[in-house]
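Only one structure is covered here, and it is reproduced in the block below.
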Amino acid sequence: MSAEVLKNQIRQQAQGATRLHVAYIGITGKLFATLQRMSQATSSMLAAASHNDPGYVRVWCDAAYAFEYLEADGETFRLSEVGLLMCPDHPETLMPMVIQAMVSAHVADRAAELLPSGERPGEAVLGERATLLPWFGPMLEHGFGTLFEQTICPALSVFTEVDTQGGLALDLGCGNGWYLRALARRCKHLRGIGLDGFEENIRQARTKALAEGLENRLQFQQGDIHDFDQQEAVDLIAMNRALHHVWERDQKGIFQWLHDHLKPGGHAVIWEPAWPEQRETLRLPARRGLAFQNLSEYIQGNHLLRPQEIVEAFHAQGMTTQVHEFMEGNEVLVVARRPHGPTP
Ligand SMILES: C[S@@+](CC[C@H](N)C(=O)[O-])C[C@H]1O[C@@H](n2cnc3c(N)ncnc32)[C@H](O)[C@@H]1O
C-alpha cells in the first residue's frame, strides 16, 4: 500500500473518531433524545428543552450538521437517519460504540500519563469522568443484553434449572443490574442479589428493577466482592466481565468463596471476554478491541483471562466445568458445578 493511500486511510479514521466525539456530546447532553421528542427545533429551542447552554448547543448543532447527524432547514434542525440511531432508547442504538470510543480516549490519556511510573490506580480510573460514569451500565446493557437474551439464555439449561427450583442467583460485579433483570423477566420464580462497587450502578439497578416491577425478587447493594458476606447458600453465582477484576488480587480466595457459597449441585456462570492463546488472532478485526481493553484492564490492576485459566481454577476446587463459546470465540461462558458430597 502506498504512503499516500495509508495517510488517507488514517485521515479518514481520525475523522471517524471526531465524528464519534460529536455524537458523545449529543448523547450525554440529551440533545439527540430531546430533538427526537421535539421532531424539529432551532438550536435555542433545543438548548432550552434539554436544559443546556444556548451557545454550546448552537456550535454543537453546526458540528452535528457537519457530521450528518442533523438535517437543517434554515435555522431549524431535525435528526438525520444516523442521528436517530444515536438516541439511547432506539432499539438499534449506536450509543455503546460512542461511549466505548470515549472510554478508550480517557484510558489512552491515562495510560500515556502512567507509562513512566508504572502506577496502576485500579477501578477508580473508570469513575474519574463524571459524564462518562453513568453511561457504563447502559453501554454494557445495550452492548450485551440482546446476545444474552436471544443466544446465551436459550443455549444454557442452567437458568431454567434454577428457575424451576425457585432458586437464588447472585451477580457479583453486577453493573447496572441488566443481567439479573433479564433473568428475572425470563425466570418467573428466580430471586436475585446484585453486588457492585460503584454506587451509581446500584442506583441505576434499583431504579430499573422498580420500573420493571421486579423489586420484590431482586435486591441490589453496593460493596466489595472481596468483603462480601453472603449468609444464604445460593443456587447460581454469575460474574459477567467481573472475574478478571478480582483475579489478580486474590484468585485462589475468590474460587474458594464461589465454591463455599454455592449449594451442592449449584452453578457458577462466568462470562468473560476470551483472551486468545495465540497473539496472531488479536489482529482479527473482531479481536482488536480486546487488545486495547487489556491495556485498560492493566491500568485497573487486571488482565484479561484465557478460558483455560478459569477452567483450571475451578478444577482446583473440585468443580466440574463446561465451556460455551459465543461470537466466534470472543465471548466465553464457563459454567462450573459444585458436586454433591465432600470436595475431593
Ligand atoms: C466490566 S463491568 C461489568 C458489569 C456487569 N456485570 C455487566 O456485565 O454489565 C465490571 C463490574 O465489576 C465491578 N467490580 C469490579 N471489582 C469489584 C469489586 N471488588 N467489588 C464489587 N464490584 C466490583 C465494577 O464496579 C463493574 O461494574
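Chain labels run A, B, ... following the order of the C-alpha cells; each chain numbers its residues from 1, and ligands are numbered from 1 in the order shown.
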**OP:** Report the residues of region 32-239 of chain A whose backbone DSSP state falls under strand (DSSP E), written as a ChimeraX atom specification.
**Re:** /A:41-42,70-73,76-79,168-172,191-196,218-222,234-239
Which residues of chain A have any atom within 6 Å of an atom in ligand 1 when counting only C-alpha atoms and all ligand atoms, and what is the closest pair of atoms for each, with the distance in Å to one decimal? Order the rows by chain and rising number and write it as CSV.
```
residue,atom,partner,partner_atom_place_in_ligand_line,distance
A:Gly137,CA,ligand 1,9 (O),5.9
A:Leu140,CA,ligand 1,9 (O),4.7
A:Glu141,CA,ligand 1,9 (O),5.9
A:Gly173,CA,ligand 1,12 (O),3.6
A:Cys174,CA,ligand 1,6 (N),4.1
A:Gly175,CA,ligand 1,27 (O),3.7
A:Asp196,CA,ligand 1,22 (N),3.8
A:Gly197,CA,ligand 1,21 (C),3.8
A:Phe198,CA,ligand 1,25 (O),4.9
A:Gly223,CA,ligand 1,21 (C),5.6
A:Asp224,CA,ligand 1,20 (N),3.4
A:Ile225,CA,ligand 1,20 (N),3.9
A:His226,CA,ligand 1,19 (N),5.7
A:Asn240,CA,ligand 1,6 (N),4.2
A:Arg241,CA,ligand 1,1 (C),4.8
A:Ala242,CA,ligand 1,10 (C),4.5
A:His245,CA,ligand 1,16 (N),4.9
A:Val246,CA,ligand 1,16 (N),5.8
```
Original post:
Which neighbours of Gly26 (chain A) fall inside 12 Å, counting only C-alpha atoms, when residues of the same chain fewer than 6 positions from it are skipped, and could you give them as a ChimeraX atom specification?
Top reply: /A:19-20,32-36,46-47,50,52,56-65,69-70,79,83-88,95,98-99
**OP:** Return as a PyMOL selection string the full set of residues in region 153-259 of chain A whose backbone-based DSSP assignment is alpha helix (DSSP H).
**Re:** chain A and resi 153-155+158-164+178-186+199-211+243-259
If you count only C-alpha atoms, which residues fall within 12 Å of Gly74 (chain A), apart from same-chain ones fewer than 4 positions away, as a PDB file with N, CA and C atoms, in the first residue's frame?
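What landed in result_28.pdb:
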```pdb
ATOM      1  N   GLN A  40     -38.503  18.750  15.467  1.00  0.00           N
ATOM      2  CA  GLN A  40     -37.596  19.743  14.898  1.00  0.00           C
ATOM      3  C   GLN A  40     -37.503  20.927  15.838  1.00  0.00           C
ATOM      4  N   ALA A  41     -36.366  21.644  15.759  1.00  0.00           N
ATOM      5  CA  ALA A  41     -36.172  22.777  16.678  1.00  0.00           C
ATOM      6  C   ALA A  41     -34.997  23.633  16.216  1.00  0.00           C
ATOM      7  N   THR A  42     -35.016  24.906  16.600  1.00  0.00           N
ATOM      8  CA  THR A  42     -33.830  25.740  16.420  1.00  0.00           C
ATOM      9  C   THR A  42     -32.865  25.376  17.551  1.00  0.00           C
ATOM     10  N   SER A  43     -31.622  25.821  17.423  1.00  0.00           N
ATOM     11  CA  SER A  43     -30.656  25.454  18.471  1.00  0.00           C
ATOM     12  C   SER A  43     -31.057  26.058  19.815  1.00  0.00           C
ATOM     13  N   ASP A  62     -24.012  22.924  14.654  1.00  0.00           N
ATOM     14  CA  ASP A  62     -23.207  23.058  13.426  1.00  0.00           C
ATOM     15  C   ASP A  62     -22.336  21.813  13.228  1.00  0.00           C
ATOM     16  N   TYR A  65     -24.441  18.865  12.342  1.00  0.00           N
ATOM     17  CA  TYR A  65     -24.869  19.001  10.943  1.00  0.00           C
ATOM     18  C   TYR A  65     -23.717  18.581  10.021  1.00  0.00           C
ATOM     19  N   ARG A  78     -33.440  18.920  12.412  1.00  0.00           N
ATOM     20  CA  ARG A  78     -34.105  17.662  12.776  1.00  0.00           C
ATOM     21  C   ARG A  78     -33.076  16.542  12.654  1.00  0.00           C
TER      22      ARG A  78
END
```
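Residue nearest His142 (chain A), chosen from A:Asn176, A:Ser117, A:Gly167, A:Gln15 and counting only C-alpha atoms: A:Asn176.
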**OP:** Would you work out the distance separating CA of Asp53 (chain A) from CA of Phe77 (chain A), expressed in Å to one decimal?
**Re:** 16.8 Å
Subject >> Near-region 146-155 of chain A list (12 Å; only C-alpha atoms; drop same-chain fewer than 4 positions) as a PyMOL selection string >> reply: chain A and resi 91-92+140-142+159-161+178-187+240+269+271+323-327+331-335
Can you spit out the residues from that selection as a compact mmCIF listing (two decimals), in the first residue's frame, using C-alpha atoms?
```txt
# COMPACT_ATOMS: atom_id res chain seq x y z
CA PRO A 91 -33.71 -0.43 19.67
CA GLU A 92 -30.71 -0.39 17.30
CA LEU A 140 -22.92 -2.80 28.62
CA GLU A 141 -26.68 -3.44 28.76
CA HIS A 142 -27.22 -2.39 25.13
CA PHE A 159 -31.06 -20.90 34.11
CA THR A 160 -34.23 -22.98 33.67
CA GLU A 161 -32.93 -25.40 36.29
CA TRP A 178 -29.23 -5.69 33.50
CA TYR A 179 -28.31 -9.38 33.66
CA LEU A 180 -30.39 -10.13 36.78
CA ARG A 181 -33.29 -8.10 35.39
CA ALA A 182 -33.16 -10.05 32.11
CA LEU A 183 -33.01 -13.32 34.05
CA ALA A 184 -35.88 -12.34 36.34
CA ARG A 185 -38.06 -11.37 33.35
CA ARG A 186 -37.41 -14.81 31.86
CA CYS A 187 -37.40 -16.91 35.05
CA ASN A 240 -20.11 -11.10 33.94
CA VAL A 269 -21.63 -18.95 35.49
CA TRP A 271 -18.82 -14.70 31.38
CA VAL A 323 -17.14 -24.10 28.29
CA HIS A 324 -19.51 -22.32 25.89
CA GLU A 325 -18.12 -20.03 23.20
CA PHE A 326 -20.08 -17.23 21.53
CA MET A 327 -19.30 -14.52 18.96
CA GLU A 331 -17.02 -14.30 24.37
CA VAL A 332 -16.81 -17.31 26.65
CA LEU A 333 -19.09 -18.64 29.37
CA VAL A 334 -17.61 -21.13 31.80
CA VAL A 335 -20.34 -22.97 33.68
```
Subject >> Using only C-alpha atoms: which of A:Met97, A:Ala14, A:Ala48, A:Leu195 has the shortest distance to Gly143 (chain A) >> reply: A:Met97
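Of the listed residues (A:Thr281, A:Thr18, A:Gln12, A:Gln256), A:Gln256 comes nearest to His315 (chain A); the distances count only C-alpha atoms.
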**OP:** Compile the contact shell of Phe314 (chain A) as a PyMOL selection string: residues with an atom at most 12 Å away, counting only C-alpha atoms, same-chain residues fewer than 3 positions apart removed.
**Re:** chain A and resi 251-259+267-270+307-311+317-323+334-339+343
Now that the selection is made, can you save its residues with N, CA and C atoms as an mmCIF file, in the first residue's frame?
```
data_model
loop_
_atom_site.group_PDB
_atom_site.id
_atom_site.type_symbol
_atom_site.label_atom_id
_atom_site.label_comp_id
_atom_site.auth_asym_id
_atom_site.auth_seq_id
_atom_site.Cartn_x
_atom_site.Cartn_y
_atom_site.Cartn_z
ATOM 1 N N GLN A 251 -6.938 -14.614 43.473
ATOM 2 C CA GLN A 251 -7.574 -15.604 42.609
ATOM 3 C C GLN A 251 -8.052 -16.842 43.394
ATOM 4 N N LYS A 252 -7.162 -17.374 44.246
ATOM 5 C CA LYS A 252 -7.496 -18.613 44.954
ATOM 6 C C LYS A 252 -8.665 -18.385 45.921
ATOM 7 N N GLY A 253 -8.588 -17.251 46.619
ATOM 8 C CA GLY A 253 -9.632 -16.924 47.596
ATOM 9 C C GLY A 253 -10.999 -16.777 46.939
ATOM 10 N N ILE A 254 -11.049 -16.178 45.762
ATOM 11 C CA ILE A 254 -12.329 -15.976 45.070
ATOM 12 C C ILE A 254 -12.943 -17.323 44.681
ATOM 13 N N PHE A 255 -12.126 -18.222 44.156
ATOM 14 C CA PHE A 255 -12.668 -19.520 43.732
ATOM 15 C C PHE A 255 -13.104 -20.364 44.932
ATOM 16 N N GLN A 256 -12.377 -20.224 46.023
ATOM 17 C CA GLN A 256 -12.792 -20.894 47.259
ATOM 18 C C GLN A 256 -14.158 -20.341 47.697
ATOM 19 N N TRP A 257 -14.294 -19.004 47.609
ATOM 20 C CA TRP A 257 -15.534 -18.333 48.009
ATOM 21 C C TRP A 257 -16.694 -18.822 47.140
ATOM 22 N N LEU A 258 -16.459 -18.887 45.830
ATOM 23 C CA LEU A 258 -17.528 -19.340 44.916
ATOM 24 C C LEU A 258 -17.969 -20.752 45.300
ATOM 25 N N HIS A 259 -16.990 -21.624 45.504
ATOM 26 C CA HIS A 259 -17.301 -23.000 45.873
ATOM 27 C C HIS A 259 -18.107 -23.054 47.171
ATOM 28 N N HIS A 267 -24.389 -23.789 40.595
ATOM 29 C CA HIS A 267 -23.523 -23.441 39.462
ATOM 30 C C HIS A 267 -22.936 -22.037 39.575
ATOM 31 N N ALA A 268 -21.698 -21.906 39.154
ATOM 32 C CA ALA A 268 -21.118 -20.574 38.894
ATOM 33 C C ALA A 268 -21.129 -20.390 37.376
ATOM 34 N N VAL A 269 -21.600 -19.227 36.933
ATOM 35 C CA VAL A 269 -21.635 -18.946 35.488
ATOM 36 C C VAL A 269 -20.773 -17.720 35.234
ATOM 37 N N ILE A 270 -19.616 -17.964 34.652
ATOM 38 C CA ILE A 270 -18.622 -16.903 34.475
ATOM 39 C C ILE A 270 -18.587 -16.490 33.014
ATOM 40 N N PRO A 307 -9.663 -18.639 28.733
ATOM 41 C CA PRO A 307 -10.689 -19.536 29.279
ATOM 42 C C PRO A 307 -10.097 -20.713 30.054
ATOM 43 N N GLN A 308 -8.962 -21.229 29.577
ATOM 44 C CA GLN A 308 -8.358 -22.388 30.220
ATOM 45 C C GLN A 308 -7.927 -22.085 31.664
ATOM 46 N N GLU A 309 -7.491 -20.829 31.916
ATOM 47 C CA GLU A 309 -7.090 -20.443 33.284
ATOM 48 C C GLU A 309 -8.281 -20.544 34.231
ATOM 49 N N ILE A 310 -9.445 -20.139 33.716
ATOM 50 C CA ILE A 310 -10.663 -20.147 34.545
ATOM 51 C C ILE A 310 -11.056 -21.593 34.845
ATOM 52 N N VAL A 311 -11.016 -22.413 33.800
ATOM 53 C CA VAL A 311 -11.368 -23.829 33.943
ATOM 54 C C VAL A 311 -10.471 -24.490 34.998
ATOM 55 N N GLN A 317 -10.815 -26.488 42.683
ATOM 56 C CA GLN A 317 -11.800 -26.515 43.778
ATOM 57 C C GLN A 317 -12.642 -27.791 43.741
ATOM 58 N N GLY A 318 -12.308 -28.700 42.846
ATOM 59 C CA GLY A 318 -13.084 -29.938 42.723
ATOM 60 C C GLY A 318 -14.402 -29.734 41.996
ATOM 61 N N MET A 319 -14.531 -28.639 41.224
ATOM 62 C CA MET A 319 -15.782 -28.384 40.489
ATOM 63 C C MET A 319 -15.634 -28.838 39.038
ATOM 64 N N THR A 320 -16.758 -29.248 38.440
ATOM 65 C CA THR A 320 -16.724 -29.655 37.031
ATOM 66 C C THR A 320 -17.085 -28.445 36.161
ATOM 67 N N THR A 321 -16.643 -28.454 34.917
ATOM 68 C CA THR A 321 -16.878 -27.269 34.069
ATOM 69 C C THR A 321 -17.370 -27.645 32.674
ATOM 70 N N GLN A 322 -18.090 -26.691 32.096
ATOM 71 C CA GLN A 322 -18.441 -26.764 30.670
ATOM 72 C C GLN A 322 -18.118 -25.398 30.085
ATOM 73 N N VAL A 323 -17.508 -25.372 28.904
ATOM 74 C CA VAL A 323 -17.138 -24.098 28.288
ATOM 75 C C VAL A 323 -18.038 -23.858 27.076
ATOM 76 N N VAL A 334 -18.039 -19.907 31.123
ATOM 77 C CA VAL A 334 -17.608 -21.131 31.800
ATOM 78 C C VAL A 334 -18.667 -21.428 32.854
ATOM 79 N N VAL A 335 -19.324 -22.563 32.705
ATOM 80 C CA VAL A 335 -20.337 -22.965 33.685
ATOM 81 C C VAL A 335 -19.701 -24.046 34.552
ATOM 82 N N ALA A 336 -19.584 -23.758 35.850
ATOM 83 C CA ALA A 336 -18.922 -24.699 36.763
ATOM 84 C C ALA A 336 -19.937 -25.181 37.793
ATOM 85 N N ARG A 337 -19.866 -26.471 38.117
ATOM 86 C CA ARG A 337 -20.855 -27.054 39.035
ATOM 87 C C ARG A 337 -20.165 -27.564 40.286
ATOM 88 N N ARG A 338 -20.730 -27.193 41.422
ATOM 89 C CA ARG A 338 -20.208 -27.759 42.681
ATOM 90 C C ARG A 338 -20.836 -29.149 42.850
ATOM 91 N N PRO A 339 -20.029 -30.174 42.984
ATOM 92 C CA PRO A 339 -20.620 -31.514 43.080
ATOM 93 C C PRO A 339 -21.329 -31.717 44.417
ATOM 94 N N THR A 343 -15.817 -32.307 48.940
ATOM 95 C CA THR A 343 -14.849 -31.955 47.907
ATOM 96 C C THR A 343 -13.658 -32.913 47.991
#
```
Subject >> For CA of Thr28 (chain A) and CA of Thr131 (chain A), the interatomic separation in Å (one decimal) >> reply: 7.0 Å
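Those residues that approach Asn216 (chain A) to within 12 Å, counting only C-alpha atoms, are Arg181, Ala184, Lys188, His189, Leu190, Arg191, Gly192, Ile193, Arg206, Ala209, Leu210, Ala211, Glu212, Gly213, Leu214, Leu218, Gln219 and Phe220 of chain A; same-chain residues fewer than 2 positions away are not listed.
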Restricting it to C-alpha atoms, dump the selection as a PDB file, in the first residue's frame.
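Written out: part-v6.pdb:
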```pdb
ATOM      1  CA  ARG A 181     -33.286  -8.098  35.385  1.00  0.00           C
ATOM      2  CA  ALA A 184     -35.879 -12.339  36.335  1.00  0.00           C
ATOM      3  CA  LYS A 188     -40.528 -16.004  36.977  1.00  0.00           C
ATOM      4  CA  HIS A 189     -39.574 -17.851  40.195  1.00  0.00           C
ATOM      5  CA  LEU A 190     -35.970 -16.754  40.472  1.00  0.00           C
ATOM      6  CA  ARG A 191     -34.767 -14.377  43.195  1.00  0.00           C
ATOM      7  CA  GLY A 192     -31.583 -12.358  42.799  1.00  0.00           C
ATOM      8  CA  ILE A 193     -28.996 -10.329  44.654  1.00  0.00           C
ATOM      9  CA  ARG A 206     -32.626  -0.314  41.829  1.00  0.00           C
ATOM     10  CA  ALA A 209     -35.814  -3.019  38.799  1.00  0.00           C
ATOM     11  CA  LEU A 210     -38.548  -0.862  40.336  1.00  0.00           C
ATOM     12  CA  ALA A 211     -39.636   0.424  36.914  1.00  0.00           C
ATOM     13  CA  GLU A 212     -39.923  -3.173  35.666  1.00  0.00           C
ATOM     14  CA  GLY A 213     -41.845  -4.359  38.747  1.00  0.00           C
ATOM     15  CA  LEU A 214     -39.026  -6.694  39.801  1.00  0.00           C
ATOM     16  CA  LEU A 218     -34.284  -8.529  43.066  1.00  0.00           C
ATOM     17  CA  GLN A 219     -32.161  -6.599  45.504  1.00  0.00           C
ATOM     18  CA  PHE A 220     -29.006  -4.634  44.794  1.00  0.00           C
TER      19      PHE A 220
END
```
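For the set A:Ala205, A:Ala72, A:Leu132, A:Met45, the residue with the smallest atom-to-atom gap to Tyr24 (chain A) is A:Leu132, counting only C-alpha atoms.
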